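Below is one structure; the comments refer to it alone.
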Amino acid sequence: MAYDFDLFVIGAGSGGVRAARFAAGFGARVAVAESRYLGGTCVNVGCVPKKLLVYGAHVADELEQAAGFGWTLEEGHFDWGTLIANKNREIERLNGIYRNLLVNSGVTLLQGHARITGANEVEVEGQRYTAATILIATGGWPQVPDIPGKELAITSNEAFYLKALPRRVLVVGGGYIAVEFAGIFQGLGAATTLLYRGDLFLRGFDGSVRTHLKEELEKRGMDLQFNADIQRIDKLDDGSLKATLKDGRELVADCIFYATGRRPMLDNLGLENTGVELDPRGFIRVDEQFQTTEPSILAIGDVIGRVQLTPVALAEGMAVARRLFKPEQYRPVDYQNIPTAVFSQPPIGTVGLTEEQALAAGHKVQIFESRFRAMKLTLTDIQEKTLMKLVVDAKTDKVLGCHMVGPDAGEIIQGLGIALKAGATKQQFDETIGVHPTAAEEFVTMRTVTR
């Protein structure tokens with residue numbers, strides 16, 4: 001059968017765009033359908049605008065530290081509207097870049113909602129197209145628990161478009177999105193409470209990292225409420241919101257922000273017209289080559305629920321394009337030792353195994369851990385501490401994990417990711433000459449086993 005396209009991609013986010021561009025570059029006839037915004041979550045309501053807001057929130061720290069370096073500054077004034085307008089302008093610029101990347105690659109761009117009507121057929125705005133292969137890259141969507149008053153809460157989708165900075169913010173959740181937005185709101189001047197139903201946020205991260213960040217956020221005056229959950233939300237006469245907790249307590253805020261997980265975006269996708277199956281968590285079930293249970297349909301990115309990070313979706317998109325249209329260049333995606341940053345304040349950088357994961361995997365480990373006050377703070381009264389940690393296999397001397405909480409953690413951890421990918425040992429770390437004076441050199445000067 002002759003198809004309209006060799007590959008039809010549903011979703012113009014990071015993974016979908018990468019797969020489409022490279023497939024077209026390999027000579028395939030490719031179409032992409034997108035109903036919202038080019039660039040997906042990351043560019044529009046995720047990594048990029050979030051990082052811009054994080055930069056804005058960090059300015060308060062710089063102003064506080066300035067006096068120690070001899071600067072006398074007038075009292076600063078922050079304008080939320082200016083930050084959001086500038087952010088919007090940058091996102092519009094990036095949308096245009098994504099459009100050009102697709103069009104200049106020879107991809108047919110269809111703006112509208114795509115619905116799968118058969119194993120090799122997609123409908124967009126009433127027009128039907130056929131394709132040898134359909135790739136689902138529709139991403140995820142934030143979800144709010146089904147409680148009375150849930151419509152009064154916002155998620156990350158709405159936070160980037162608030163008309164004004166709320167005076168009091170209640171952030172609900174214990175993952176990296178909750179921690180990051182709590183830092184943004186507090187850094188920009190809002191009285192911020194972070195509420196999480198568990199004992200401690202950032203489940204799955206190294207225990208030392210979780211504890212250290214908790215201590216640093218408390219130093220900054222953030223109200224941390226653990227083992228707490230909201231039962232209902234009500235709007236008060238003055239427009240503020242009252243959160244009634246399951247333990248009977250009441251918290252009042254001007255904004256309640258939920259970051260309690262993301263679901264796969266499968267709304268009206270037409271999967272019922274195919275043999276595609278979902279896993280027990282509701283994500284699309286795929287094999288190691290991103291093949292669904294329908295032979296002609298593949299899926300990548302957040303919609304498959306593996307590692308929900310933009311660079312991972314990019315790698316998956318590249319793998320699909322190569323396997324289908326340039327098999328001699330195909331390499332499977334390696335999910336081991338993925339460097340990760342959390343842009344909290346202070347930020348986290350991590351790669352490899354946590355201490356807990358290493359022990360659970362049967363490794364006999366040596367832990368090297370250092371906490372210190374950064375050189376930049378020595379001329380100020382700020383008492384923030386940086387944490388650096390290495391998890392080492394005691395038998396092989398191989399470095400299993402690197403973890404950091406402190407300024408530039410995301411920048412520093414990228415290089416360490418290469419070292420772990422290459423299988424570096426602690427001896428090789430020790431024999432590497434440090435860059436002085438930097439915080440990063442601590443990773444190659446830790447000599448004493450902590451435990």
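By convention in this document, the chains of the structure tokens carry letters A, B, ... by their order, each chain's residues are numbered from 1, and ligands are numbered from 1 in the order they are shown.
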
Sorted per-residue table, segment 220-324 of chain A near segment 11-21 of chain A, closest atoms and distance, 10 Å, only C-alpha atoms, as JSON lines:
{"residue": "A:Ala299", "atom": "CA", "partner": "A:Gly16", "partner_atom": "CA", "distance": 9.4}
{"residue": "A:Ile300", "atom": "CA", "partner": "A:Gly15", "partner_atom": "CA", "distance": 6.9}
{"residue": "A:Gly301", "atom": "CA", "partner": "A:Gly15", "partner_atom": "CA", "distance": 6.1}
{"residue": "A:Asp302", "atom": "CA", "partner": "A:Gly15", "partner_atom": "CA", "distance": 9.1}
{"residue": "A:Leu309", "atom": "CA", "partner": "A:Ser14", "partner_atom": "CA", "distance": 9.7}
{"residue": "A:Thr310", "atom": "CA", "partner": "A:Ser14", "partner_atom": "CA", "distance": 6.4}
{"residue": "A:Pro311", "atom": "CA", "partner": "A:Ser14", "partner_atom": "CA", "distance": 8.1}
{"residue": "A:Val312", "atom": "CA", "partner": "A:Gly15", "partner_atom": "CA", "distance": 8.1}
{"residue": "A:Ala313", "atom": "CA", "partner": "A:Gly15", "partner_atom": "CA", "distance": 4.5}
{"residue": "A:Leu314", "atom": "CA", "partner": "A:Gly15", "partner_atom": "CA", "distance": 4.6}
{"residue": "A:Ala315", "atom": "CA", "partner": "A:Gly15", "partner_atom": "CA", "distance": 7.5}
{"residue": "A:Glu316", "atom": "CA", "partner": "A:Gly15", "partner_atom": "CA", "distance": 6.7}
{"residue": "A:Gly317", "atom": "CA", "partner": "A:Ala19", "partner_atom": "CA", "distance": 4.2}
{"residue": "A:Met318", "atom": "CA", "partner": "A:Ala19", "partner_atom": "CA", "distance": 5.4}
{"residue": "A:Ala319", "atom": "CA", "partner": "A:Ala19", "partner_atom": "CA", "distance": 7.9}
{"residue": "A:Val320", "atom": "CA", "partner": "A:Ala19", "partner_atom": "CA", "distance": 6.5}
{"residue": "A:Ala321", "atom": "CA", "partner": "A:Ala19", "partner_atom": "CA", "distance": 5.2}
{"residue": "A:Arg322", "atom": "CA", "partner": "A:Ala19", "partner_atom": "CA", "distance": 8.6}

How would the residues just picked look written out with N, CA and C atoms as an mmCIF file, in the first residue's frame?
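Resulting contents of again36.cif:
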data_model
loop_
_atom_site.group_PDB
_atom_site.id
_atom_site.type_symbol
_atom_site.label_atom_id
_atom_site.label_comp_id
_atom_site.auth_asym_id
_atom_site.auth_seq_id
_atom_site.Cartn_x
_atom_site.Cartn_y
_atom_site.Cartn_z
ATOM 1 N N ALA A 299 5.966 4.916 20.340
ATOM 2 C CA ALA A 299 5.725 5.990 21.304
ATOM 3 C C ALA A 299 7.010 6.295 22.051
ATOM 4 N N ILE A 300 7.240 7.571 22.326
ATOM 5 C CA ILE A 300 8.435 8.006 23.052
ATOM 6 C C ILE A 300 8.068 9.133 24.014
ATOM 7 N N GLY A 301 9.025 9.475 24.887
ATOM 8 C CA GLY A 301 8.872 10.644 25.757
ATOM 9 C C GLY A 301 8.032 10.381 26.984
ATOM 10 N N ASP A 302 7.488 11.455 27.536
ATOM 11 C CA ASP A 302 6.754 11.359 28.796
ATOM 12 C C ASP A 302 5.554 10.433 28.709
ATOM 13 N N LEU A 309 12.395 13.291 31.189
ATOM 14 C CA LEU A 309 13.311 14.417 31.072
ATOM 15 C C LEU A 309 13.482 14.764 29.599
ATOM 16 N N THR A 310 13.614 16.044 29.302
ATOM 17 C CA THR A 310 13.746 16.483 27.916
ATOM 18 C C THR A 310 14.904 15.814 27.175
ATOM 19 N N PRO A 311 16.121 15.771 27.727
ATOM 20 C CA PRO A 311 17.219 15.142 26.972
ATOM 21 C C PRO A 311 16.969 13.662 26.703
ATOM 22 N N VAL A 312 16.209 13.005 27.574
ATOM 23 C CA VAL A 312 15.880 11.595 27.354
ATOM 24 C C VAL A 312 14.930 11.464 26.174
ATOM 25 N N ALA A 313 13.909 12.341 26.108
ATOM 26 C CA ALA A 313 12.990 12.325 24.964
ATOM 27 C C ALA A 313 13.742 12.595 23.658
ATOM 28 N N LEU A 314 14.716 13.503 23.700
ATOM 29 C CA LEU A 314 15.540 13.777 22.517
ATOM 30 C C LEU A 314 16.299 12.529 22.080
ATOM 31 N N ALA A 315 16.871 11.829 23.044
ATOM 32 C CA ALA A 315 17.627 10.612 22.726
ATOM 33 C C ALA A 315 16.700 9.541 22.160
ATOM 34 N N GLU A 316 15.497 9.438 22.715
ATOM 35 C CA GLU A 316 14.539 8.448 22.220
ATOM 36 C C GLU A 316 14.086 8.784 20.798
ATOM 37 N N GLY A 317 13.851 10.080 20.534
ATOM 38 C CA GLY A 317 13.467 10.502 19.198
ATOM 39 C C GLY A 317 14.549 10.197 18.174
ATOM 40 N N MET A 318 15.782 10.447 18.563
ATOM 41 C CA MET A 318 16.910 10.156 17.679
ATOM 42 C C MET A 318 17.012 8.659 17.417
ATOM 43 N N ALA A 319 16.830 7.858 18.457
ATOM 44 C CA ALA A 319 16.919 6.402 18.300
ATOM 45 C C ALA A 319 15.857 5.888 17.342
ATOM 46 N N VAL A 320 14.637 6.413 17.439
ATOM 47 C CA VAL A 320 13.565 5.988 16.540
ATOM 48 C C VAL A 320 13.894 6.354 15.092
ATOM 49 N N ALA A 321 14.332 7.594 14.865
ATOM 50 C CA ALA A 321 14.647 8.030 13.503
ATOM 51 C C ALA A 321 15.747 7.175 12.888
ATOM 52 N N ARG A 322 16.774 6.890 13.671
ATOM 53 C CA ARG A 322 17.876 6.085 13.151
ATOM 54 C C ARG A 322 17.440 4.648 12.882
#

Worksheet item: Can you tell me, as number ranges by chain, what residues are no more than 7 Å from segment 179-189 of chain A when counting only C-alpha atoms, ignoring any on the same chain fewer than 2 positions away?
Response: A: 53-54, 57-58, 60, 171, 174-177, 191-192, 194, 342-345

Preceding selection exported with C-alpha atoms as a PDB file, in the first residue's frame:
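See part.pdb below for the written result:
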ATOM      1  CA  LEU A  53      12.050  32.393  36.496  1.00  0.00           C
ATOM      2  CA  VAL A  54      14.734  30.675  38.581  1.00  0.00           C
ATOM      3  CA  ALA A  57      14.515  34.547  41.765  1.00  0.00           C
ATOM      4  CA  HIS A  58      18.310  34.267  42.185  1.00  0.00           C
ATOM      5  CA  ALA A  60      17.538  38.504  45.342  1.00  0.00           C
ATOM      6  CA  VAL A 171       2.842  24.658  46.980  1.00  0.00           C
ATOM      7  CA  GLY A 174       7.183  16.570  46.986  1.00  0.00           C
ATOM      8  CA  GLY A 175       8.786  16.167  43.577  1.00  0.00           C
ATOM      9  CA  TYR A 176      11.284  18.369  41.804  1.00  0.00           C
ATOM     10  CA  ILE A 177       8.605  20.586  40.221  1.00  0.00           C
ATOM     11  CA  ALA A 191       5.527  33.974  51.597  1.00  0.00           C
ATOM     12  CA  THR A 192       5.787  30.320  50.622  1.00  0.00           C
ATOM     13  CA  LEU A 194       5.635  23.714  50.779  1.00  0.00           C
ATOM     14  CA  VAL A 342      16.851  20.202  40.204  1.00  0.00           C
ATOM     15  CA  PHE A 343      16.763  23.988  40.022  1.00  0.00           C
ATOM     16  CA  SER A 344      15.816  24.460  43.627  1.00  0.00           C
ATOM     17  CA  GLN A 345      17.478  27.180  45.688  1.00  0.00           C
TER      18      GLN A 345
END

Can you tell me, as a JSON list (two decimals) with all heavy atoms, in the first residue's frame, what residues are no more than 9 Å from Arg99 of chain A when counting only C-alpha atoms, ignoring any on the same chain fewer than 3 positions away?
[["chain", "number", "residue", "atom", "x", "y", "z"],
["A", 38, "LEU", "N", 4.42, 24.70, 19.64],
["A", 38, "LEU", "CA", 5.63, 24.05, 19.16],
["A", 38, "LEU", "C", 6.70, 24.08, 20.26],
["A", 38, "LEU", "O", 6.93, 25.09, 20.91],
["A", 38, "LEU", "CB", 6.14, 24.75, 17.91],
["A", 38, "LEU", "CG", 5.20, 24.72, 16.70],
["A", 38, "LEU", "CD1", 5.79, 25.52, 15.55],
["A", 38, "LEU", "CD2", 4.91, 23.30, 16.27],
["A", 39, "GLY", "N", 7.34, 22.95, 20.45],
["A", 39, "GLY", "CA", 8.35, 22.85, 21.50],
["A", 39, "GLY", "C", 7.86, 22.08, 22.71],
["A", 39, "GLY", "O", 8.65, 21.71, 23.57],
["A", 94, "LEU", "N", 11.43, 31.10, 20.57],
["A", 94, "LEU", "CA", 11.76, 29.68, 20.48],
["A", 94, "LEU", "C", 10.72, 28.92, 19.68],
["A", 94, "LEU", "O", 11.06, 27.97, 18.95],
["A", 94, "LEU", "CB", 11.89, 29.09, 21.89],
["A", 94, "LEU", "CG", 13.06, 29.62, 22.72],
["A", 94, "LEU", "CD1", 13.02, 29.06, 24.12],
["A", 94, "LEU", "CD2", 14.39, 29.28, 22.05],
["A", 95, "ASN", "N", 9.44, 29.30, 19.81],
["A", 95, "ASN", "CA", 8.40, 28.67, 18.98],
["A", 95, "ASN", "C", 8.73, 28.83, 17.50],
["A", 95, "ASN", "O", 8.58, 27.89, 16.71],
["A", 95, "ASN", "CB", 7.03, 29.29, 19.26],
["A", 95, "ASN", "CG", 6.46, 28.97, 20.62],
["A", 95, "ASN", "OD1", 5.68, 29.73, 21.18],
["A", 95, "ASN", "ND2", 6.85, 27.84, 21.18],
["A", 96, "GLY", "N", 9.18, 30.02, 17.14],
["A", 96, "GLY", "CA", 9.54, 30.27, 15.75],
["A", 96, "GLY", "C", 10.73, 29.44, 15.31],
["A", 96, "GLY", "O", 10.77, 28.95, 14.17],
["A", 102, "LEU", "N", 11.56, 22.48, 11.75],
["A", 102, "LEU", "CA", 10.73, 21.47, 11.09],
["A", 102, "LEU", "C", 10.58, 21.76, 9.61],
["A", 102, "LEU", "O", 10.83, 20.90, 8.75],
["A", 102, "LEU", "CB", 9.36, 21.40, 11.76],
["A", 102, "LEU", "CG", 9.32, 20.76, 13.16],
["A", 102, "LEU", "CD1", 7.96, 20.97, 13.80],
["A", 102, "LEU", "CD2", 9.64, 19.27, 13.08],
["A", 103, "VAL", "N", 10.14, 22.96, 9.29],
["A", 103, "VAL", "CA", 9.85, 23.30, 7.91],
["A", 103, "VAL", "C", 11.11, 23.22, 7.04],
["A", 103, "VAL", "O", 11.09, 22.70, 5.92],
["A", 103, "VAL", "CB", 9.21, 24.70, 7.82],
["A", 103, "VAL", "CG1", 9.05, 25.13, 6.37],
["A", 103, "VAL", "CG2", 7.85, 24.70, 8.53],
["A", 104, "ASN", "N", 12.22, 23.74, 7.58],
["A", 104, "ASN", "CA", 13.47, 23.73, 6.80],
["A", 104, "ASN", "C", 14.03, 22.32, 6.63],
["A", 104, "ASN", "O", 14.90, 22.09, 5.78],
["A", 104, "ASN", "CB", 14.51, 24.63, 7.45],
["A", 104, "ASN", "CG", 14.12, 26.09, 7.39],
["A", 104, "ASN", "OD1", 13.29, 26.49, 6.58],
["A", 104, "ASN", "ND2", 14.71, 26.91, 8.26],
["A", 109, "LEU", "N", 4.14, 20.32, 8.46],
["A", 109, "LEU", "CA", 3.64, 20.70, 9.77],
["A", 109, "LEU", "C", 2.14, 20.92, 9.70],
["A", 109, "LEU", "O", 1.65, 21.76, 8.94],
["A", 109, "LEU", "CB", 4.35, 21.96, 10.27],
["A", 109, "LEU", "CG", 3.89, 22.52, 11.62],
["A", 109, "LEU", "CD1", 4.08, 21.48, 12.71],
["A", 109, "LEU", "CD2", 4.66, 23.80, 11.95]]

So that I can check the secondary structure, give me every residue of segment 5-250 of chain A assigned alpha helix (DSSP H) by backbone DSSP, as a compact mmCIF listing (two decimals) with N, CA and C atoms, in the first residue's frame.
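What landed in selection-v7.txt:
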# COMPACT_ATOMS: atom_id res chain seq x y z
N SER A 14 9.85 18.04 22.40
CA SER A 14 11.28 17.76 22.18
C SER A 14 11.50 16.45 21.43
N GLY A 15 10.88 15.37 21.91
CA GLY A 15 11.09 14.07 21.29
C GLY A 15 10.52 13.98 19.89
N GLY A 16 9.30 14.49 19.72
CA GLY A 16 8.65 14.43 18.41
C GLY A 16 9.38 15.23 17.36
N VAL A 17 9.81 16.43 17.72
CA VAL A 17 10.54 17.27 16.77
C VAL A 17 11.87 16.64 16.39
N ARG A 18 12.58 16.10 17.38
CA ARG A 18 13.86 15.46 17.08
C ARG A 18 13.67 14.28 16.11
N ALA A 19 12.69 13.43 16.39
CA ALA A 19 12.44 12.28 15.52
C ALA A 19 12.07 12.73 14.11
N ALA A 20 11.20 13.74 14.03
CA ALA A 20 10.73 14.21 12.72
C ALA A 20 11.86 14.82 11.91
N ARG A 21 12.63 15.70 12.53
CA ARG A 21 13.71 16.39 11.81
C ARG A 21 14.72 15.41 11.24
N PHE A 22 15.16 14.48 12.08
CA PHE A 22 16.20 13.58 11.63
C PHE A 22 15.67 12.53 10.65
N ALA A 23 14.43 12.11 10.85
CA ALA A 23 13.84 11.17 9.89
C ALA A 23 13.76 11.83 8.51
N ALA A 24 13.34 13.09 8.48
CA ALA A 24 13.28 13.82 7.21
C ALA A 24 14.68 13.98 6.62
N GLY A 25 15.65 14.25 7.49
CA GLY A 25 17.03 14.37 7.02
C GLY A 25 17.57 13.08 6.44
N GLY A 40 6.55 21.86 22.80
CA GLY A 40 6.01 21.04 23.87
C GLY A 40 6.13 21.66 25.25
N THR A 41 6.03 20.80 26.25
CA THR A 41 6.06 21.26 27.65
C THR A 41 7.34 22.00 27.96
N CYS A 42 8.49 21.45 27.56
CA CYS A 42 9.78 22.01 27.95
C CYS A 42 9.92 23.48 27.55
N VAL A 43 9.62 23.77 26.31
CA VAL A 43 9.81 25.13 25.81
C VAL A 43 8.74 26.09 26.33
N ASN A 44 7.52 25.62 26.50
CA ASN A 44 6.41 26.52 26.78
C ASN A 44 6.00 26.62 28.24
N VAL A 45 5.89 25.48 28.91
CA VAL A 45 5.44 25.51 30.31
C VAL A 45 6.28 24.54 31.15
N CYS A 47 10.82 23.33 31.33
CA CYS A 47 12.22 23.64 31.64
C CYS A 47 12.64 25.06 31.32
N VAL A 48 12.32 25.53 30.13
CA VAL A 48 12.85 26.83 29.69
C VAL A 48 12.26 27.99 30.48
N PRO A 49 10.93 28.19 30.51
CA PRO A 49 10.41 29.31 31.31
C PRO A 49 10.70 29.16 32.79
N LYS A 50 10.72 27.92 33.27
CA LYS A 50 11.04 27.69 34.68
C LYS A 50 12.45 28.19 35.00
N LYS A 51 13.40 27.86 34.13
CA LYS A 51 14.78 28.28 34.39
C LYS A 51 14.89 29.81 34.32
N LEU A 52 14.14 30.44 33.44
CA LEU A 52 14.16 31.90 33.37
C LEU A 52 13.63 32.50 34.67
N LEU A 53 12.58 31.91 35.22
CA LEU A 53 12.05 32.39 36.50
C LEU A 53 13.02 32.11 37.64
N VAL A 54 13.72 30.98 37.56
CA VAL A 54 14.73 30.68 38.58
C VAL A 54 15.83 31.73 38.56
N TYR A 55 16.28 32.11 37.35
CA TYR A 55 17.28 33.17 37.24
C TYR A 55 16.77 34.44 37.92
N GLY A 56 15.50 34.78 37.66
CA GLY A 56 14.93 35.97 38.28
C GLY A 56 14.92 35.89 39.79
N ALA A 57 14.57 34.72 40.31
CA ALA A 57 14.51 34.55 41.77
C ALA A 57 15.90 34.64 42.40
N HIS A 58 16.94 34.24 41.65
CA HIS A 58 18.31 34.27 42.18
C HIS A 58 18.84 35.69 42.35
N VAL A 59 18.24 36.65 41.67
CA VAL A 59 18.73 38.02 41.77
C VAL A 59 18.67 38.52 43.21
N ALA A 60 17.65 38.09 43.94
CA ALA A 60 17.54 38.50 45.34
C ALA A 60 18.77 38.08 46.14
N ASP A 61 19.28 36.88 45.86
CA ASP A 61 20.49 36.41 46.54
C ASP A 61 21.69 37.28 46.18
N GLU A 62 21.80 37.61 44.90
CA GLU A 62 22.93 38.43 44.47
C GLU A 62 22.90 39.81 45.13
N LEU A 63 21.70 40.37 45.24
CA LEU A 63 21.57 41.68 45.89
C LEU A 63 21.95 41.60 47.36
N GLU A 64 21.56 40.50 48.01
CA GLU A 64 21.88 40.33 49.43
C GLU A 64 23.38 40.18 49.63
N GLN A 65 24.05 39.53 48.70
CA GLN A 65 25.49 39.29 48.83
C GLN A 65 26.32 40.51 48.43
N ALA A 66 25.73 41.43 47.71
CA ALA A 66 26.49 42.54 47.13
C ALA A 66 27.20 43.39 48.17
N TRP A 80 6.68 41.58 38.58
CA TRP A 80 6.31 40.29 38.01
C TRP A 80 5.91 40.42 36.55
N GLY A 81 5.15 41.46 36.24
CA GLY A 81 4.67 41.66 34.88
C GLY A 81 5.79 41.77 33.87
N THR A 82 6.85 42.47 34.25
CA THR A 82 7.99 42.62 33.34
C THR A 82 8.67 41.28 33.08
N LEU A 83 8.87 40.51 34.15
CA LEU A 83 9.50 39.20 34.00
C LEU A 83 8.68 38.29 33.10
N ILE A 84 7.37 38.25 33.31
CA ILE A 84 6.52 37.37 32.51
C ILE A 84 6.46 37.83 31.05
N ALA A 85 6.40 39.13 30.83
CA ALA A 85 6.37 39.65 29.46
C ALA A 85 7.66 39.30 28.73
N ASN A 86 8.78 39.47 29.40
CA ASN A 86 10.06 39.13 28.78
C ASN A 86 10.17 37.63 28.52
N LYS A 87 9.67 36.85 29.48
CA LYS A 87 9.65 35.39 29.31
C LYS A 87 8.80 35.01 28.10
N ASN A 88 7.62 35.61 27.98
CA ASN A 88 6.74 35.29 26.86
C ASN A 88 7.39 35.61 25.52
N ARG A 89 8.11 36.71 25.47
CA ARG A 89 8.78 37.10 24.25
C ARG A 89 9.85 36.07 23.84
N GLU A 90 10.56 35.56 24.83
CA GLU A 90 11.58 34.56 24.55
C GLU A 90 10.94 33.25 24.09
N ILE A 91 9.82 32.87 24.70
CA ILE A 91 9.15 31.63 24.31
C ILE A 91 8.63 31.74 22.88
N GLU A 92 8.10 32.90 22.53
CA GLU A 92 7.63 33.11 21.15
C GLU A 92 8.78 32.98 20.16
N ARG A 93 9.95 33.48 20.54
CA ARG A 93 11.12 33.35 19.68
C ARG A 93 11.47 31.88 19.49
N LEU A 94 11.43 31.10 20.57
CA LEU A 94 11.76 29.68 20.48
C LEU A 94 10.72 28.92 19.68
N ASN A 95 9.44 29.30 19.81
CA ASN A 95 8.40 28.67 18.98
C ASN A 95 8.73 28.83 17.50
N GLY A 96 9.18 30.02 17.14
CA GLY A 96 9.54 30.27 15.75
C GLY A 96 10.73 29.44 15.31
N ILE A 97 11.69 29.27 16.21
CA ILE A 97 12.85 28.44 15.88
C ILE A 97 12.43 27.00 15.63
N TYR A 98 11.54 26.48 16.48
CA TYR A 98 11.07 25.11 16.30
C TYR A 98 10.33 24.96 14.98
N ARG A 99 9.53 25.96 14.64
CA ARG A 99 8.81 25.92 13.36
C ARG A 99 9.81 25.86 12.20
N ASN A 100 10.82 26.70 12.26
CA ASN A 100 11.82 26.74 11.18
C ASN A 100 12.60 25.43 11.10
N LEU A 101 12.91 24.86 12.26
CA LEU A 101 13.64 23.59 12.27
C LEU A 101 12.87 22.52 11.52
N LEU A 102 11.56 22.48 11.75
CA LEU A 102 10.73 21.47 11.09
C LEU A 102 10.58 21.76 9.61
N VAL A 103 10.14 22.96 9.29
CA VAL A 103 9.85 23.30 7.91
C VAL A 103 11.11 23.22 7.04
N ASN A 104 12.22 23.74 7.58
CA ASN A 104 13.47 23.73 6.80
C ASN A 104 14.03 22.32 6.63
N SER A 156 1.57 23.95 37.02
CA SER A 156 2.65 24.63 36.31
C SER A 156 2.16 25.23 35.00
N ASN A 157 1.11 24.66 34.41
CA ASN A 157 0.59 25.22 33.16
C ASN A 157 0.13 26.66 33.33
N GLU A 158 -0.51 26.94 34.47
CA GLU A 158 -1.06 28.28 34.70
C GLU A 158 -0.07 29.21 35.39
N ALA A 159 0.89 28.65 36.13
CA ALA A 159 1.79 29.47 36.93
C ALA A 159 2.59 30.45 36.09
N TYR A 176 10.39 17.26 42.15
CA TYR A 176 11.28 18.37 41.80
C TYR A 176 10.52 19.60 41.33
N ILE A 177 9.36 19.42 40.68
CA ILE A 177 8.60 20.59 40.22
C ILE A 177 8.10 21.40 41.41
N ALA A 178 7.62 20.72 42.44
CA ALA A 178 7.15 21.41 43.64
C ALA A 178 8.28 22.18 44.31
N VAL A 179 9.42 21.53 44.46
CA VAL A 179 10.57 22.15 45.12
C VAL A 179 11.06 23.36 44.32
N GLU A 180 11.10 23.22 43.01
CA GLU A 180 11.59 24.32 42.17
C GLU A 180 10.66 25.53 42.24
N PHE A 181 9.35 25.30 42.12
CA PHE A 181 8.43 26.42 42.13
C PHE A 181 8.33 27.05 43.51
N ALA A 182 8.47 26.27 44.57
CA ALA A 182 8.50 26.85 45.90
C ALA A 182 9.67 27.83 46.01
N GLY A 183 10.82 27.45 45.45
CA GLY A 183 11.98 28.34 45.47
C GLY A 183 11.78 29.57 44.62
N ILE A 184 11.11 29.42 43.48
CA ILE A 184 10.83 30.58 42.62
C ILE A 184 9.94 31.57 43.34
N PHE A 185 8.82 31.09 43.85
CA PHE A 185 7.87 31.99 44.51
C PHE A 185 8.51 32.68 45.71
N GLN A 186 9.24 31.92 46.51
CA GLN A 186 9.86 32.54 47.69
C GLN A 186 10.95 33.52 47.29
N GLY A 187 11.76 33.14 46.29
CA GLY A 187 12.85 34.01 45.86
C GLY A 187 12.37 35.33 45.29
N GLY A 207 19.61 10.31 50.11
CA GLY A 207 19.14 10.77 51.41
C GLY A 207 19.87 11.98 51.93
N SER A 208 21.18 12.05 51.70
CA SER A 208 21.95 13.21 52.15
C SER A 208 21.50 14.47 51.43
N VAL A 209 21.21 14.33 50.14
CA VAL A 209 20.75 15.46 49.34
C VAL A 209 19.41 15.97 49.87
N ARG A 210 18.49 15.06 50.13
CA ARG A 210 17.15 15.44 50.59
C ARG A 210 17.22 16.17 51.93
N THR A 211 18.01 15.61 52.84
CA THR A 211 18.12 16.22 54.17
C THR A 211 18.81 17.58 54.10
N HIS A 212 19.86 17.67 53.29
CA HIS A 212 20.60 18.93 53.19
C HIS A 212 19.73 20.02 52.60
N LEU A 213 18.97 19.71 51.55
CA LEU A 213 18.12 20.73 50.95
C LEU A 213 17.05 21.18 51.95
N LYS A 214 16.50 20.25 52.69
CA LYS A 214 15.51 20.61 53.71
C LYS A 214 16.09 21.63 54.69
N GLU A 215 17.31 21.38 55.15
CA GLU A 215 17.94 22.29 56.10
C GLU A 215 18.18 23.66 55.47
N GLU A 216 18.60 23.69 54.23
CA GLU A 216 18.88 24.97 53.58
C GLU A 216 17.59 25.76 53.31
N LEU A 217 16.53 25.08 52.94
CA LEU A 217 15.26 25.78 52.71
C LEU A 217 14.72 26.35 54.01
N GLU A 218 14.91 25.62 55.10
CA GLU A 218 14.48 26.13 56.41
C GLU A 218 15.29 27.36 56.80
N LYS A 219 16.59 27.36 56.48
CA LYS A 219 17.42 28.54 56.75
C LYS A 219 16.88 29.77 56.03

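Distances to Lys421 of chain A were evaluated for A:Thr350, A:Asn337, A:Gln127, A:Thr448 using only C-alpha atoms, and the minimum falls at A:Asn337.
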
Practice prompt. Return the single residue from A:Ser105, A:Phe69, A:Ala341, A:Ala2 that is closest to Ala31 of chain A, with distances computed using only C-alpha atoms.
Written response: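 Answer, going by the shortest atom-to-atom distance: A:Ser105.
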